[in-house]
$ cat protein_38.txt   # compact mmCIF, C-alpha atoms
# COMPACT_ATOMS: atom_id res chain seq x y z
CA MET A 184 -4.47 -35.85 3.15
CA ILE A 185 -0.92 -35.17 4.33
CA PHE A 186 0.19 -31.54 4.64
CA ARG A 187 3.87 -30.97 4.04
CA ILE A 188 5.23 -28.32 6.39
CA GLY A 189 8.40 -26.40 7.08
CA ILE A 190 9.24 -25.39 10.64
CA GLU A 191 10.81 -22.01 11.39
CA ASN A 192 12.19 -21.60 14.90
CA ASN A 193 13.28 -18.44 16.72
CA ASN A 194 10.96 -16.08 14.83
CA GLU A 195 9.85 -13.44 17.35
CA ASP A 196 10.45 -15.95 20.16
CA ARG A 197 8.08 -18.49 18.63
CA THR A 198 7.96 -21.29 16.08
CA ILE A 199 6.00 -21.07 12.83
CA ALA A 200 4.73 -24.12 10.95
CA TRP A 201 4.37 -23.23 7.27
CA GLY A 202 2.20 -25.14 4.81
CA LEU A 203 4.72 -25.58 2.00
CA ASP A 204 2.17 -26.42 -0.70
CA HIS A 205 -0.44 -24.01 0.63
CA PRO A 206 0.53 -20.34 1.05
CA GLY A 207 -1.52 -18.61 3.70
CA CYS A 208 -1.74 -21.74 5.85
CA PHE A 209 0.39 -21.51 8.99
CA ALA A 210 0.36 -22.00 12.75
CA TYR A 211 2.36 -20.82 15.74
CA GLY A 212 3.70 -22.61 18.76
CA GLN A 213 6.24 -22.23 21.53
CA ASP A 214 8.26 -24.99 19.89
CA SER A 215 8.15 -27.34 16.91
CA VAL A 216 5.92 -29.90 18.63
CA GLU A 217 3.29 -27.34 19.58
CA ALA A 218 3.40 -25.62 16.18
CA GLN A 219 2.86 -28.93 14.36
CA LYS A 220 -0.03 -29.78 16.68
CA ASN A 221 -1.62 -26.38 16.12
CA PHE A 222 -1.11 -26.69 12.37
CA LEU A 223 -3.68 -29.48 12.12
CA MET A 224 -6.40 -27.10 13.34
CA ALA A 225 -5.04 -24.27 11.17
CA ALA A 226 -5.18 -26.51 8.08
CA ARG A 227 -8.82 -27.39 8.76
CA GLU A 228 -9.65 -23.71 9.21
CA TYR A 229 -7.77 -22.95 5.99
CA LYS A 230 -9.86 -25.49 4.10
CA ALA A 231 -13.03 -23.98 5.58
CA TRP A 232 -11.84 -20.50 4.54
CA ILE A 233 -11.43 -21.67 0.95
CA ALA A 234 -14.85 -23.36 1.08
CA GLN A 235 -16.45 -20.00 1.95
CA HIS A 236 -15.55 -18.84 -1.55
CA GLU A 237 -15.49 -21.87 -3.84
CA GLU A 238 -15.23 -25.64 -3.93
CA PRO A 239 -12.10 -26.39 -1.89
CA TRP A 240 -9.18 -28.05 -3.62
CA LEU A 241 -8.12 -29.78 -0.39
CA ASP A 242 -9.09 -33.19 0.94
CA GLU A 243 -9.63 -33.78 4.65
CA VAL A 244 -6.47 -33.02 6.60
CA VAL A 245 -5.35 -36.08 8.52
CA GLU A 246 -1.69 -35.49 9.38
CA VAL A 247 1.33 -33.31 8.77
CA SER A 248 4.72 -34.28 7.41
CA LEU A 249 7.69 -32.25 8.59
CA GLU A 250 9.91 -31.71 5.55
CA GLU A 251 12.47 -29.21 6.78
CA THR A 252 13.46 -27.08 9.78
CA PHE A 253 15.05 -23.63 9.69
CA ASP A 254 16.34 -21.66 12.66
CA ALA A 255 15.98 -17.91 12.12
CA TYR A 256 18.96 -15.84 13.24
CA PHE A 257 20.35 -12.31 13.26
CA ILE A 258 23.30 -10.99 11.30
CA THR A 259 25.30 -7.78 11.48
CA PRO A 260 26.05 -5.44 8.54
CA ALA A 261 29.33 -7.39 8.23
CA PHE A 262 27.30 -10.59 7.65
CA GLU A 263 28.33 -12.12 10.95
CA ARG A 264 26.01 -13.75 13.45
CA GLY A 265 24.80 -11.31 16.06
CA GLU A 266 22.19 -10.68 18.71
CA ARG A 267 18.88 -8.97 18.09
CA GLY A 268 19.32 -5.23 18.31
CA ARG A 269 19.98 -2.01 16.47
CA GLY A 270 21.71 -2.62 13.16
CA THR A 271 21.10 -6.37 12.99
CA TYR A 272 18.84 -8.12 10.49
CA MET A 273 16.79 -11.27 11.06
CA VAL A 274 17.34 -13.92 8.40
CA GLU A 275 14.07 -15.82 8.08
CA SER A 276 13.23 -19.21 6.64
CA PHE A 277 14.07 -20.32 3.14
CA PHE A 278 13.08 -23.92 2.49
CA LEU A 279 14.11 -26.25 -0.31
CA TYR A 280 10.50 -25.98 -1.54
CA ASP A 281 10.93 -22.22 -1.95
CA TRP A 282 13.36 -22.85 -4.82
CA LYS A 283 10.56 -24.19 -7.00
CA PRO A 284 9.14 -21.82 -9.65
CA LEU A 285 5.47 -20.97 -9.30
CA LEU A 286 3.17 -22.98 -11.56
CA PRO A 287 0.13 -21.57 -13.41
CA HIS A 288 -2.48 -23.24 -11.17
CA GLU A 289 -0.63 -22.01 -8.07
CA ILE A 290 -0.65 -18.44 -9.35
CA GLU A 291 -4.35 -18.69 -10.20
CA ARG A 292 -5.13 -19.89 -6.68
CA ALA A 293 -2.82 -17.31 -5.13
CA LEU A 294 -4.61 -14.44 -6.87
CA LYS A 295 -7.91 -15.71 -5.50
CA MET A 296 -6.56 -16.08 -1.97
CA LEU A 297 -4.99 -12.63 -2.06
CA ALA A 298 -8.40 -11.21 -3.02
CA TRP A 299 -10.14 -13.14 -0.23
CA SER A 300 -7.53 -12.09 2.28
CA ARG A 301 -7.85 -8.43 1.30
CA ALA A 302 -11.65 -8.68 1.53
CA ASP A 303 -11.27 -10.10 5.04
CA LEU A 304 -9.01 -7.20 6.01
CA MET A 305 -11.35 -4.59 4.58
CA SER A 306 -14.34 -6.15 6.31
CA VAL A 307 -12.54 -5.36 9.57
CA VAL A 308 -11.12 -1.89 8.85
CA GLY A 309 -13.12 -0.53 5.90
CA ALA A 310 -15.77 1.18 8.01
CA LEU A 311 -13.47 2.46 10.76
CA ASP A 312 -13.17 6.23 11.08
CA ALA A 313 -9.87 8.07 11.41
CA GLU A 314 -10.18 8.43 15.19
CA ILE A 315 -10.43 4.69 15.74
CA ARG A 316 -7.64 3.90 13.27
CA SER A 317 -5.30 6.36 15.01
CA ARG A 318 -6.13 5.23 18.54
CA ALA A 319 -3.17 4.00 20.60
CA TYR A 320 -3.29 0.60 22.32
CA PRO A 321 -1.31 -0.27 25.46
CA ASP A 322 1.75 -2.44 24.83
CA GLU A 323 1.25 -2.23 21.06
CA ARG A 324 3.89 -0.92 18.69
CA TRP A 325 1.38 0.54 16.23
CA ASN A 326 -2.14 1.87 16.03
CA ILE A 327 -4.38 0.38 13.34
CA ASP A 328 -3.16 2.79 10.67
CA GLY A 329 0.37 1.75 11.59
CA ILE A 330 -0.51 -1.92 11.18
CA LEU A 331 -2.05 -1.21 7.77
CA ARG A 332 1.10 0.62 6.67
CA HIS A 333 3.11 -2.33 7.98
CA ILE A 334 1.08 -4.72 5.83
CA GLY A 335 1.46 -2.58 2.73
CA GLY A 336 5.13 -1.88 3.38
CA GLY A 337 5.78 -5.56 4.01
CA GLU A 338 4.19 -6.57 0.72
CA TRP A 339 6.25 -3.91 -1.06
CA PHE A 340 9.37 -5.27 0.65
CA TYR A 341 8.69 -8.85 -0.49
CA GLN A 342 8.40 -7.67 -4.07
CA GLU A 343 11.53 -5.53 -3.72
CA ARG A 344 13.47 -8.55 -2.43
CA ILE A 345 12.85 -10.44 -5.67
CA GLY A 346 13.57 -7.41 -7.84
CA TYR A 347 10.09 -6.16 -8.80
CA PRO A 348 9.21 -3.19 -6.53
CA PHE A 349 6.59 -0.56 -7.33
CA PRO A 350 7.19 2.23 -6.70
CA GLU A 351 10.96 1.78 -6.87
CA LYS A 352 11.52 3.42 -3.46
CA GLU A 353 9.52 2.64 -0.33
CA ASP A 354 9.52 6.35 0.54
CA ASP A 355 7.41 6.94 -2.57
CA LEU A 356 4.52 4.81 -1.29
CA PRO A 357 1.32 6.78 -0.58
CA ASP A 358 1.10 7.98 3.00
CA ASP A 359 -2.57 7.03 3.31
CA PRO A 360 -2.51 3.40 4.50
CA LEU A 361 -5.53 2.25 2.51
CA GLU A 362 -4.19 3.83 -0.68
CA GLN A 363 -0.81 2.24 0.01
CA LEU A 364 -2.41 -1.18 0.35
CA GLN A 365 -4.22 -0.73 -2.96
CA VAL A 366 -1.18 0.46 -4.92
CA VAL A 367 1.07 -2.35 -3.69
CA ARG A 368 -1.57 -5.05 -4.20
CA GLU A 369 -2.42 -3.93 -7.72
CA HIS A 370 1.23 -4.27 -8.62
CA PHE A 371 1.51 -7.70 -6.96
CA ASN A 372 -1.57 -8.90 -8.84
CA SER A 373 -0.05 -7.80 -12.14
CA LEU A 374 3.34 -9.26 -11.21
CA LEU A 375 2.34 -12.79 -10.23
CA PRO A 376 1.25 -13.98 -13.71
CA ARG A 377 4.61 -12.80 -15.04
CA LEU A 378 6.36 -15.07 -12.54
CA ASP A 379 4.89 -18.23 -14.10
CA GLY A 380 7.77 -20.71 -14.27
CA VAL A 381 10.38 -18.07 -13.46
CA ASP A 382 13.43 -19.74 -11.94
CA HIS A 383 14.56 -16.75 -9.94
CA VAL A 384 16.33 -16.96 -6.59
CA VAL A 385 18.28 -14.04 -5.15
CA GLY A 386 20.32 -13.39 -2.03
CA LEU A 387 20.11 -9.96 -0.39
CA GLU A 388 21.51 -8.82 2.96
CA GLY A 389 22.34 -12.39 3.88
CA GLU A 390 18.86 -13.79 3.16
CA ILE A 391 17.59 -15.88 0.23
CA TRP A 392 14.40 -14.93 -1.61
CA SER A 393 12.30 -16.37 -4.42
CA PRO A 394 8.83 -15.68 -5.89
CA ARG A 395 7.44 -18.62 -3.90
CA LYS A 396 8.84 -17.28 -0.65
CA ALA A 397 7.55 -13.77 -1.40
CA LEU A 398 4.06 -15.16 -1.99
CA ARG A 399 4.22 -17.36 1.12
CA ARG A 400 5.13 -14.43 3.30
CA ALA A 401 2.69 -11.95 1.72
CA LEU A 402 -0.35 -14.15 2.36
CA TRP A 403 0.83 -15.00 5.86
CA HIS A 404 1.52 -11.37 6.71
CA GLU A 405 -1.88 -10.02 5.71
CA ARG A 406 -3.87 -12.88 7.24
CA ASP A 407 -1.87 -12.69 10.47
CA HIS A 408 -2.32 -8.95 10.90
CA THR A 409 -6.01 -9.09 10.00
CA GLU A 410 -6.45 -11.30 13.07
CA HIS A 411 -4.21 -8.93 15.00
CA ILE A 412 -6.52 -6.00 14.22
CA ARG A 413 -9.63 -8.07 15.04
CA LYS A 414 -8.22 -8.75 18.49
CA LEU A 415 -7.40 -5.10 19.07
CA LEU A 416 -10.96 -4.13 18.19
CA GLY A 417 -12.33 -6.79 20.52

$ encode --input "protein_38.txt" --output "structure tokens"
Amino acid sequence: MIFRIGIENNNEDRTIAWGLDHPGCFAYGQDSVEAQKNFLMAAREYKAWIAQHEEPWLDEVVEVSLEETFDAYFITPAFERGERGRGTYMVESFFLYDWKPLLPHEIERALKMLAWSRADLMSVVGALDAEIRSRAYPDERWNIDGILRHIGGGEWFYQERIGYPFPEKEDDLPDDPLEQLQVVREHFNSLLPRLDGVDHVVGLEGEIWSPRKALRRALWHERDHTEHIRKLLG
């Protein structure tokens, strides 16, 4: 089986290889070559993750096919290229594949993977008490509660980018991180079936968004930070 991938360079000083047909499948590297190499292992782990829950819909992964490359960059409020810093915004990857409307079988699979991903996250943090979740870690931007709010806020942001936020303002999200995760996910689960075949692409703050991109990033974001928390907990 050939995995079609998109390469995103310059994202947090690393390269991301994205599985274009398979949201939630990704790999990192210092450059495109390393990210593509690492993607082969990530794709096999992705297939094994699916197989933990049901009969996988993937054949054996044998190679990757690089379809497109995107270099992330920063822009200023005046929509000019700038350096990373206060007031600038990072424009992240939008691939030709992201233009495609979501199909019914993709939405069905996405809902399953979102449930599995959330179960993975809760298996890591669900039994943690408040003291552990609020504990600071050296050289880390957030404690665990902060990471959980970042996951929930990120998923809200992806939905807001394509015009379907709930609640309408991010400030109205619940302060409790676990409640925030639940509220945002319930809305995303109800939203995805309504995006079946929706040809909706929007540009905001210099960046292009679509339902497919929002889904791609939501699954990546939660799976990535679940591993992040696992590493913090040792």

$ closest_residue --input "protein_38.txt" --among "A:Glu266, A:Glu362, A:Glu388, A:Glu410" --to "Val307 (chain A)" --atoms "only C-alpha atoms"
A:Glu410

$ atom_distance --input "protein_38.txt" --atom1 "CA of Met184 (chain A)" --atom2 "CA of Val244 (chain A)"
4.9 Å

$ closest_residue --input "protein_38.txt" --among "A:Glu243, A:Glu250, A:Trp403, A:Met273" --to "Glu195 (chain A)" --atoms "only C-alpha atoms"
A:Met273

$ closest_residue --input "protein_38.txt" --among "A:His370, A:Lys414, A:His288, A:Gln365" --to "Glu351 (chain A)" --atoms "all atoms listed in the file"
A:His370

$ atom_distance --input "protein_38.txt" --atom1 "CA of Ile199 (chain A)" --atom2 "CA of Ala218 (chain A)"
6.2 Å

$ closest_residue --input "protein_38.txt" --among "A:Val367, A:Ala255, A:Val245, A:Leu285" --to "Asp196 (chain A)" --atoms "only C-alpha atoms"
A:Ala255

$ residues_near_point --input "protein_38.txt" --point "(10.6, -5.2, -4.2)" --cutoff "12 Å" --atoms "all atoms listed in the file" --output "ChimeraX atom specification"
/A:335-353,367,370-371,374,385,387,392-394,397,401

$ residues_around --input "protein_38.txt" --residues "Met224 (chain A)" --least-positions-apart "5" --cutoff "12 Å" --atoms "all atoms listed in the file" --output "short mmCIF file (atom, residue, chain, number, x, y, z; two decimals) with C-alpha atoms, in the frame of the given file"
data_model
loop_
_atom_site.label_atom_id
_atom_site.label_comp_id
_atom_site.auth_asym_id
_atom_site.auth_seq_id
_atom_site.Cartn_x
_atom_site.Cartn_y
_atom_site.Cartn_z
CA PHE A 186 0.19 -31.54 4.64
CA ALA A 200 4.73 -24.12 10.95
CA CYS A 208 -1.74 -21.74 5.85
CA PHE A 209 0.39 -21.51 8.99
CA ALA A 210 0.36 -22.00 12.75
CA TYR A 211 2.36 -20.82 15.74
CA GLU A 217 3.29 -27.34 19.58
CA ALA A 218 3.40 -25.62 16.18
CA GLN A 219 2.86 -28.93 14.36
CA TYR A 229 -7.77 -22.95 5.99
CA LYS A 230 -9.86 -25.49 4.10
CA ALA A 231 -13.03 -23.98 5.58
CA GLU A 243 -9.63 -33.78 4.65
CA VAL A 244 -6.47 -33.02 6.60
CA VAL A 245 -5.35 -36.08 8.52
CA GLU A 246 -1.69 -35.49 9.38
CA VAL A 247 1.33 -33.31 8.77
#

$ atom_distance --input "protein_38.txt" --atom1 "CA of Asp355 (chain A)" --atom2 "CA of Arg377 (chain A)"
23.5 Å

$ residues_around --input "protein_38.txt" --residues "Gly270 (chain A)" --least-positions-apart "2" --cutoff "9 Å" --atoms "only C-alpha atoms" --output "PDB file with C-alpha atoms, in the frame of the given file"
ATOM      1  CA  ILE A 258      23.300 -10.990  11.300  1.00  0.00           C
ATOM      2  CA  THR A 259      25.300  -7.780  11.480  1.00  0.00           C
ATOM      3  CA  PRO A 260      26.050  -5.440   8.540  1.00  0.00           C
ATOM      4  CA  ARG A 267      18.880  -8.970  18.090  1.00  0.00           C
ATOM      5  CA  GLY A 268      19.320  -5.230  18.310  1.00  0.00           C
ATOM      6  CA  TYR A 272      18.840  -8.120  10.490  1.00  0.00           C
TER       7      TYR A 272
END

$ closest_residue --input "protein_38.txt" --among "A:Glu369, A:Asp358, A:Asp214, A:Asp328" --to "Ile190 (chain A)" --atoms "all atoms listed in the file"
A:Asp214

$ closest_residue --input "protein_38.txt" --among "A:Ala234, A:Asp254, A:Trp240, A:Ser317" --to "Glu191 (chain A)" --atoms "all atoms listed in the file"
A:Asp254

$ residues_around --input "protein_38.txt" --residues "Ile233 (chain A)" --least-positions-apart "5" --cutoff "8 Å" --atoms "all atoms listed in the file" --output "list in words"
Glu238, Pro239 and Met296 of chain A

$ residues_around --input "protein_38.txt" --residues "region 297-300 of chain A" --least-positions-apart "4" --cutoff "8 Å" --atoms "all atoms listed in the file" --output "ChimeraX atom specification"
/A:236,293,304,402,405-406

$ residues_around --input "protein_38.txt" --residues "Leu416 (chain A)" --least-positions-apart "5" --cutoff "12 Å" --atoms "all atoms listed in the file" --output "PyMOL selection string"
chain A and resi 307-308+311+315-316+318-320+326-327+409-411

$ decode --input "protein_38.txt" --residues "region 223-365 of chain A" --atoms "C-alpha atoms" --output "PDB file, in the first residue's frame"
ATOM      1  CA  LEU A 223       6.686   4.544   7.496  1.00  0.00           C
ATOM      2  CA  MET A 224       6.901   3.478  11.144  1.00  0.00           C
ATOM      3  CA  ALA A 225       4.114   5.894  12.121  1.00  0.00           C
ATOM      4  CA  ALA A 226       1.838   4.419   9.433  1.00  0.00           C
ATOM      5  CA  ARG A 227       2.426   0.888  10.732  1.00  0.00           C
ATOM      6  CA  GLU A 228       1.681   2.043  14.280  1.00  0.00           C
ATOM      7  CA  TYR A 229      -1.445   3.799  12.988  1.00  0.00           C
ATOM      8  CA  LYS A 230      -2.665   0.582  11.389  1.00  0.00           C
ATOM      9  CA  ALA A 231      -1.981  -1.286  14.642  1.00  0.00           C
ATOM     10  CA  TRP A 232      -3.907   1.390  16.576  1.00  0.00           C
ATOM     11  CA  ILE A 233      -6.934   0.884  14.334  1.00  0.00           C
ATOM     12  CA  ALA A 234      -6.607  -2.903  14.700  1.00  0.00           C
ATOM     13  CA  GLN A 235      -6.918  -2.546  18.487  1.00  0.00           C
ATOM     14  CA  HIS A 236     -10.515  -1.456  17.929  1.00  0.00           C
ATOM     15  CA  GLU A 237     -11.777  -3.090  14.745  1.00  0.00           C
ATOM     16  CA  GLU A 238     -10.717  -4.754  11.517  1.00  0.00           C
ATOM     17  CA  PRO A 239      -8.281  -2.264   9.969  1.00  0.00           C
ATOM     18  CA  TRP A 240      -9.178  -0.707   6.641  1.00  0.00           C
ATOM     19  CA  LEU A 241      -5.497  -0.409   5.681  1.00  0.00           C
ATOM     20  CA  ASP A 242      -3.298  -2.841   3.793  1.00  0.00           C
ATOM     21  CA  GLU A 243       0.354  -3.319   4.696  1.00  0.00           C
ATOM     22  CA  VAL A 244       2.254  -0.058   4.337  1.00  0.00           C
ATOM     23  CA  VAL A 245       5.099  -0.464   1.862  1.00  0.00           C
ATOM     24  CA  GLU A 246       6.056   3.052   0.785  1.00  0.00           C
ATOM     25  CA  VAL A 247       5.086   6.704   0.877  1.00  0.00           C
ATOM     26  CA  SER A 248       4.380   9.038  -2.006  1.00  0.00           C
ATOM     27  CA  LEU A 249       5.158  12.709  -1.479  1.00  0.00           C
ATOM     28  CA  GLU A 250       2.296  14.657  -3.053  1.00  0.00           C
ATOM     29  CA  GLU A 251       2.945  18.212  -1.922  1.00  0.00           C
ATOM     30  CA  THR A 252       5.245  20.363   0.222  1.00  0.00           C
ATOM     31  CA  PHE A 253       4.264  23.445   2.217  1.00  0.00           C
ATOM     32  CA  ASP A 254       6.619  25.772   4.076  1.00  0.00           C
ATOM     33  CA  ALA A 255       4.951  27.295   7.139  1.00  0.00           C
ATOM     34  CA  TYR A 256       5.661  30.982   7.675  1.00  0.00           C
ATOM     35  CA  PHE A 257       4.749  33.938   9.871  1.00  0.00           C
ATOM     36  CA  ILE A 258       2.745  36.991   8.884  1.00  0.00           C
ATOM     37  CA  THR A 259       2.131  40.335  10.561  1.00  0.00           C
ATOM     38  CA  PRO A 260      -1.294  41.919  11.200  1.00  0.00           C
ATOM     39  CA  ALA A 261      -0.720  43.757   7.900  1.00  0.00           C
ATOM     40  CA  PHE A 262      -0.489  40.371   6.124  1.00  0.00           C
ATOM     41  CA  GLU A 263       3.192  40.744   5.362  1.00  0.00           C
ATOM     42  CA  ARG A 264       5.849  38.126   5.936  1.00  0.00           C
ATOM     43  CA  GLY A 265       7.495  38.497   9.315  1.00  0.00           C
ATOM     44  CA  GLU A 266       9.601  36.768  11.924  1.00  0.00           C
ATOM     45  CA  ARG A 267       8.207  34.712  14.768  1.00  0.00           C
ATOM     46  CA  GLY A 268       7.341  36.973  17.659  1.00  0.00           C
ATOM     47  CA  ARG A 269       4.692  39.008  19.401  1.00  0.00           C
ATOM     48  CA  GLY A 270       1.879  39.939  17.052  1.00  0.00           C
ATOM     49  CA  THR A 271       2.782  37.528  14.243  1.00  0.00           C
ATOM     50  CA  TYR A 272       0.728  34.513  13.195  1.00  0.00           C
ATOM     51  CA  MET A 273       2.033  31.218  11.820  1.00  0.00           C
ATOM     52  CA  VAL A 274       0.341  30.161   8.588  1.00  0.00           C
ATOM     53  CA  GLU A 275       0.326  26.366   8.576  1.00  0.00           C
ATOM     54  CA  SER A 276      -0.107  23.846   5.796  1.00  0.00           C
ATOM     55  CA  PHE A 277      -3.024  23.744   3.419  1.00  0.00           C
ATOM     56  CA  PHE A 278      -2.659  21.040   0.785  1.00  0.00           C
ATOM     57  CA  LEU A 279      -4.533  20.551  -2.463  1.00  0.00           C
ATOM     58  CA  TYR A 280      -6.096  17.474  -0.825  1.00  0.00           C
ATOM     59  CA  ASP A 281      -7.575  19.692   1.902  1.00  0.00           C
ATOM     60  CA  TRP A 282      -9.903  21.253  -0.681  1.00  0.00           C
ATOM     61  CA  LYS A 283     -11.819  17.995  -1.044  1.00  0.00           C
ATOM     62  CA  PRO A 284     -15.166  17.751   0.794  1.00  0.00           C
ATOM     63  CA  LEU A 285     -15.408  15.034   3.420  1.00  0.00           C
ATOM     64  CA  LEU A 286     -17.159  11.867   2.246  1.00  0.00           C
ATOM     65  CA  PRO A 287     -19.600   9.803   4.348  1.00  0.00           C
ATOM     66  CA  HIS A 288     -17.205   6.897   4.956  1.00  0.00           C
ATOM     67  CA  GLU A 289     -14.465   9.342   5.975  1.00  0.00           C
ATOM     68  CA  ILE A 290     -16.748  11.004   8.502  1.00  0.00           C
ATOM     69  CA  GLU A 291     -17.798   7.619   9.882  1.00  0.00           C
ATOM     70  CA  ARG A 292     -14.167   6.622  10.354  1.00  0.00           C
ATOM     71  CA  ALA A 293     -13.266  10.020  11.772  1.00  0.00           C
ATOM     72  CA  LEU A 294     -15.928   9.767  14.472  1.00  0.00           C
ATOM     73  CA  LYS A 295     -14.538   6.394  15.490  1.00  0.00           C
ATOM     74  CA  MET A 296     -10.956   7.649  15.581  1.00  0.00           C
ATOM     75  CA  LEU A 297     -11.928  10.716  17.587  1.00  0.00           C
ATOM     76  CA  ALA A 298     -13.567   8.409  20.141  1.00  0.00           C
ATOM     77  CA  TRP A 299     -10.494   6.157  20.281  1.00  0.00           C
ATOM     78  CA  SER A 300      -8.186   9.136  20.595  1.00  0.00           C
ATOM     79  CA  ARG A 301     -10.238  10.600  23.435  1.00  0.00           C
ATOM     80  CA  ALA A 302     -10.283   7.216  25.185  1.00  0.00           C
ATOM     81  CA  ASP A 303      -6.486   7.106  24.908  1.00  0.00           C
ATOM     82  CA  LEU A 304      -6.232  10.577  26.435  1.00  0.00           C
ATOM     83  CA  MET A 305      -8.575   9.751  29.284  1.00  0.00           C
ATOM     84  CA  SER A 306      -6.726   6.525  30.029  1.00  0.00           C
ATOM     85  CA  VAL A 307      -3.707   8.728  30.757  1.00  0.00           C
ATOM     86  CA  VAL A 308      -5.306  11.626  32.654  1.00  0.00           C
ATOM     87  CA  GLY A 309      -8.688  10.351  33.864  1.00  0.00           C
ATOM     88  CA  ALA A 310      -7.426   9.080  37.214  1.00  0.00           C
ATOM     89  CA  LEU A 311      -4.989  11.916  37.938  1.00  0.00           C
ATOM     90  CA  ASP A 312      -5.790  14.074  40.952  1.00  0.00           C
ATOM     91  CA  ALA A 313      -5.736  17.873  40.911  1.00  0.00           C
ATOM     92  CA  GLU A 314      -2.280  18.072  42.498  1.00  0.00           C
ATOM     93  CA  ILE A 315      -0.657  16.035  39.741  1.00  0.00           C
ATOM     94  CA  ARG A 316      -2.531  17.859  36.967  1.00  0.00           C
ATOM     95  CA  SER A 317      -1.410  21.237  38.338  1.00  0.00           C
ATOM     96  CA  ARG A 318       2.217  20.232  38.889  1.00  0.00           C
ATOM     97  CA  ALA A 319       4.796  22.337  37.036  1.00  0.00           C
ATOM     98  CA  TYR A 320       7.435  20.665  34.855  1.00  0.00           C
ATOM     99  CA  PRO A 321      10.849  22.189  34.107  1.00  0.00           C
ATOM    100  CA  ASP A 322      11.172  23.700  30.627  1.00  0.00           C
ATOM    101  CA  GLU A 323       7.479  23.074  29.913  1.00  0.00           C
ATOM    102  CA  ARG A 324       5.069  25.834  28.952  1.00  0.00           C
ATOM    103  CA  TRP A 325       2.076  24.201  30.645  1.00  0.00           C
ATOM    104  CA  ASN A 326       1.182  21.808  33.422  1.00  0.00           C
ATOM    105  CA  ILE A 327      -1.130  18.922  32.505  1.00  0.00           C
ATOM    106  CA  ASP A 328      -4.277  20.972  33.053  1.00  0.00           C
ATOM    107  CA  GLY A 329      -2.784  23.572  30.736  1.00  0.00           C
ATOM    108  CA  ILE A 330      -2.153  20.956  28.063  1.00  0.00           C
ATOM    109  CA  LEU A 331      -5.737  19.710  28.375  1.00  0.00           C
ATOM    110  CA  ARG A 332      -7.057  23.253  27.969  1.00  0.00           C
ATOM    111  CA  HIS A 333      -4.759  23.628  24.967  1.00  0.00           C
ATOM    112  CA  ILE A 334      -6.262  20.509  23.379  1.00  0.00           C
ATOM    113  CA  GLY A 335      -9.819  21.672  24.001  1.00  0.00           C
ATOM    114  CA  GLY A 336      -9.087  25.233  22.942  1.00  0.00           C
ATOM    115  CA  GLY A 337      -7.334  24.015  19.809  1.00  0.00           C
ATOM    116  CA  GLU A 338     -10.295  21.883  18.787  1.00  0.00           C
ATOM    117  CA  TRP A 339     -12.607  24.843  19.395  1.00  0.00           C
ATOM    118  CA  PHE A 340     -10.300  26.994  17.255  1.00  0.00           C
ATOM    119  CA  TYR A 341     -10.369  24.540  14.336  1.00  0.00           C
ATOM    120  CA  GLN A 342     -14.156  24.592  14.358  1.00  0.00           C
ATOM    121  CA  GLU A 343     -14.185  28.389  14.651  1.00  0.00           C
ATOM    122  CA  ARG A 344     -11.891  28.662  11.623  1.00  0.00           C
ATOM    123  CA  ILE A 345     -14.459  26.931   9.413  1.00  0.00           C
ATOM    124  CA  GLY A 346     -17.367  28.902  10.866  1.00  0.00           C
ATOM    125  CA  TYR A 347     -18.949  26.443  13.327  1.00  0.00           C
ATOM    126  CA  PRO A 348     -17.762  27.335  16.860  1.00  0.00           C
ATOM    127  CA  PHE A 349     -19.532  26.331  20.061  1.00  0.00           C
ATOM    128  CA  PRO A 350     -19.714  28.288  22.223  1.00  0.00           C
ATOM    129  CA  GLU A 351     -19.409  31.304  19.937  1.00  0.00           C
ATOM    130  CA  LYS A 352     -16.613  32.869  22.013  1.00  0.00           C
ATOM    131  CA  GLU A 353     -13.579  30.994  23.326  1.00  0.00           C
ATOM    132  CA  ASP A 354     -13.859  32.915  26.603  1.00  0.00           C
ATOM    133  CA  ASP A 355     -17.178  31.142  27.198  1.00  0.00           C
ATOM    134  CA  LEU A 356     -15.575  27.688  27.285  1.00  0.00           C
ATOM    135  CA  PRO A 357     -15.770  25.957  30.687  1.00  0.00           C
ATOM    136  CA  ASP A 358     -12.749  26.643  32.849  1.00  0.00           C
ATOM    137  CA  ASP A 359     -12.487  23.026  33.995  1.00  0.00           C
ATOM    138  CA  PRO A 360     -10.271  21.360  31.370  1.00  0.00           C
ATOM    139  CA  LEU A 361     -12.083  18.029  31.339  1.00  0.00           C
ATOM    140  CA  GLU A 362     -15.463  19.720  30.993  1.00  0.00           C
ATOM    141  CA  GLN A 363     -14.039  21.899  28.228  1.00  0.00           C
ATOM    142  CA  LEU A 364     -12.835  18.837  26.344  1.00  0.00           C
ATOM    143  CA  GLN A 365     -16.271  17.245  26.613  1.00  0.00           C
TER     144      GLN A 365
END
